[in-house]
Amino acid sequence: MLVSILHRATGTGLATVGAALLVWFLAAVAAGPESYATFRDVFTTDSGKLNILGYVLGIGLTASLFQHLANGIRHLFMDVGAGFELKSNKRQAQATIIFAVVMTVAFWLYLGIK
């Protein structure tokens, strides 16, 4: 049940927050350098690194993406009739959460190394 709710919540969050950020970004770019600087300054410090809001949105969207992706793949297998046994289904649901956490950490560590 938790993974099903997470799938819907992450999909809605990705669509809503992602679309709002994309529209804001495009409007800022179209409006000129001052507007883009304002957009950039909301998420970064003076040195160009992410601030708290930048990290919260970045990590939150990344975790949502990986959770939604993993659960979508799980649903593809279920659509062909695999994984409906209770034990298997529970293990797959747990695997989606573990995958999302591991991939989010790996992604942000990779960004930190670069």
# chains A, B, ... in the order shown; residues from 1 in each chain; ligands from 1
$ select_by_dssp --residues "segment 8-97 of chain A" --states "alpha helix (DSSP H)" --output "JSON, numbers by chain"
{"A": [8, 9, 10, 11, 12, 13, 14, 15, 16, 17, 18, 19, 20, 21, 22, 23, 24, 25, 26, 27, 28, 29, 30, 31, 33, 34, 35, 36, 37, 38, 39, 40, 41, 42, 43, 52, 53, 54, 55, 56, 57, 58, 59, 60, 61, 62, 63, 64, 65, 66, 67, 68, 69, 70, 71, 72, 73, 74, 75, 76, 77, 78, 79, 86, 87, 88, 89, 90, 91, 92, 93, 94, 95, 96, 97]}
$ residues_around --residues "segment 71-74 of chain A" --least-positions-apart "3" --cutoff "7 Å" --atoms "only C-alpha atoms" --output "PDB file with all heavy atoms, in the first residue's frame"
ATOM      1  N   HIS A   7       3.974   5.980  -5.287  1.00  0.00           N
ATOM      2  CA  HIS A   7       4.001   6.090  -6.751  1.00  0.00           C
ATOM      3  C   HIS A   7       3.129   7.252  -7.222  1.00  0.00           C
ATOM      4  O   HIS A   7       3.543   8.051  -8.065  1.00  0.00           O
ATOM      5  CB  HIS A   7       3.552   4.773  -7.380  1.00  0.00           C
ATOM      6  CG  HIS A   7       3.731   4.717  -8.864  1.00  0.00           C
ATOM      7  ND1 HIS A   7       4.965   4.740  -9.451  1.00  0.00           N
ATOM      8  CD2 HIS A   7       2.835   4.650  -9.867  1.00  0.00           C
ATOM      9  CE1 HIS A   7       4.826   4.679 -10.767  1.00  0.00           C
ATOM     10  NE2 HIS A   7       3.537   4.632 -11.038  1.00  0.00           N
ATOM     11  N   GLN A  67      12.227   6.784  -7.213  1.00  0.00           N
ATOM     12  CA  GLN A  67      11.143   5.981  -6.641  1.00  0.00           C
ATOM     13  C   GLN A  67      10.071   5.724  -7.695  1.00  0.00           C
ATOM     14  O   GLN A  67       9.583   4.603  -7.843  1.00  0.00           O
ATOM     15  CB  GLN A  67      10.544   6.673  -5.415  1.00  0.00           C
ATOM     16  CG  GLN A  67       9.365   5.949  -4.811  1.00  0.00           C
ATOM     17  CD  GLN A  67       9.691   4.550  -4.323  1.00  0.00           C
ATOM     18  OE1 GLN A  67      10.752   4.317  -3.765  1.00  0.00           O
ATOM     19  NE2 GLN A  67       8.785   3.622  -4.535  1.00  0.00           N
ATOM     20  N   HIS A  68       9.701   6.760  -8.416  1.00  0.00           N
ATOM     21  CA  HIS A  68       8.665   6.619  -9.436  1.00  0.00           C
ATOM     22  C   HIS A  68       9.135   5.687 -10.557  1.00  0.00           C
ATOM     23  O   HIS A  68       8.365   4.850 -11.047  1.00  0.00           O
ATOM     24  CB  HIS A  68       8.305   7.997  -9.988  1.00  0.00           C
ATOM     25  CG  HIS A  68       7.029   8.034 -10.746  1.00  0.00           C
ATOM     26  ND1 HIS A  68       5.795   7.962 -10.147  1.00  0.00           N
ATOM     27  CD2 HIS A  68       6.780   8.133 -12.075  1.00  0.00           C
ATOM     28  CE1 HIS A  68       4.856   8.013 -11.059  1.00  0.00           C
ATOM     29  NE2 HIS A  68       5.424   8.112 -12.246  1.00  0.00           N
ATOM     30  N   PHE A  77       6.264  -5.292 -14.715  1.00  0.00           N
ATOM     31  CA  PHE A  77       6.317  -6.728 -14.464  1.00  0.00           C
ATOM     32  C   PHE A  77       4.975  -7.257 -13.965  1.00  0.00           C
ATOM     33  O   PHE A  77       4.544  -8.346 -14.352  1.00  0.00           O
ATOM     34  CB  PHE A  77       7.416  -7.069 -13.448  1.00  0.00           C
ATOM     35  CG  PHE A  77       8.792  -7.018 -14.033  1.00  0.00           C
ATOM     36  CD1 PHE A  77       9.647  -5.968 -13.750  1.00  0.00           C
ATOM     37  CD2 PHE A  77       9.236  -8.022 -14.878  1.00  0.00           C
ATOM     38  CE1 PHE A  77      10.909  -5.904 -14.300  1.00  0.00           C
ATOM     39  CE2 PHE A  77      10.495  -7.978 -15.433  1.00  0.00           C
ATOM     40  CZ  PHE A  77      11.339  -6.915 -15.147  1.00  0.00           C
ATOM     41  N   MET A  78       4.311  -6.484 -13.136  1.00  0.00           N
ATOM     42  CA  MET A  78       3.012  -6.920 -12.628  1.00  0.00           C
ATOM     43  C   MET A  78       1.959  -6.940 -13.739  1.00  0.00           C
ATOM     44  O   MET A  78       1.037  -7.755 -13.716  1.00  0.00           O
ATOM     45  CB  MET A  78       2.568  -6.033 -11.474  1.00  0.00           C
ATOM     46  CG  MET A  78       3.418  -6.213 -10.228  1.00  0.00           C
ATOM     47  SD  MET A  78       2.988  -5.081  -8.910  1.00  0.00           S
ATOM     48  CE  MET A  78       1.384  -5.702  -8.439  1.00  0.00           C
ATOM     49  N   THR A  96      12.009  -1.346  -4.358  1.00  0.00           N
ATOM     50  CA  THR A  96      11.853  -0.039  -5.001  1.00  0.00           C
ATOM     51  C   THR A  96      12.314   1.085  -4.078  1.00  0.00           C
ATOM     52  O   THR A  96      12.958   2.031  -4.524  1.00  0.00           O
ATOM     53  CB  THR A  96      10.398   0.226  -5.435  1.00  0.00           C
ATOM     54  OG1 THR A  96       9.555   0.273  -4.291  1.00  0.00           O
ATOM     55  CG2 THR A  96       9.909  -0.804  -6.415  1.00  0.00           C
TER      56      THR A  96
END
$ closest_residue --among "A:Ala15, A:Leu21, A:Val102, A:Leu26" --to "Gly58 of chain A" --atoms "only C-alpha atoms"
A:Leu21
$ residues_around --residues "Val3 of chain A" --least-positions-apart "3" --cutoff "12 Å" --atoms "only C-alpha atoms" --output "JSON, numbers by chain"
{"A": [6, 7, 8, 9, 10, 11, 64, 67, 68, 69, 70, 71, 72, 74, 75, 89, 90, 91, 92, 93, 94, 95, 96, 97, 98, 100]}
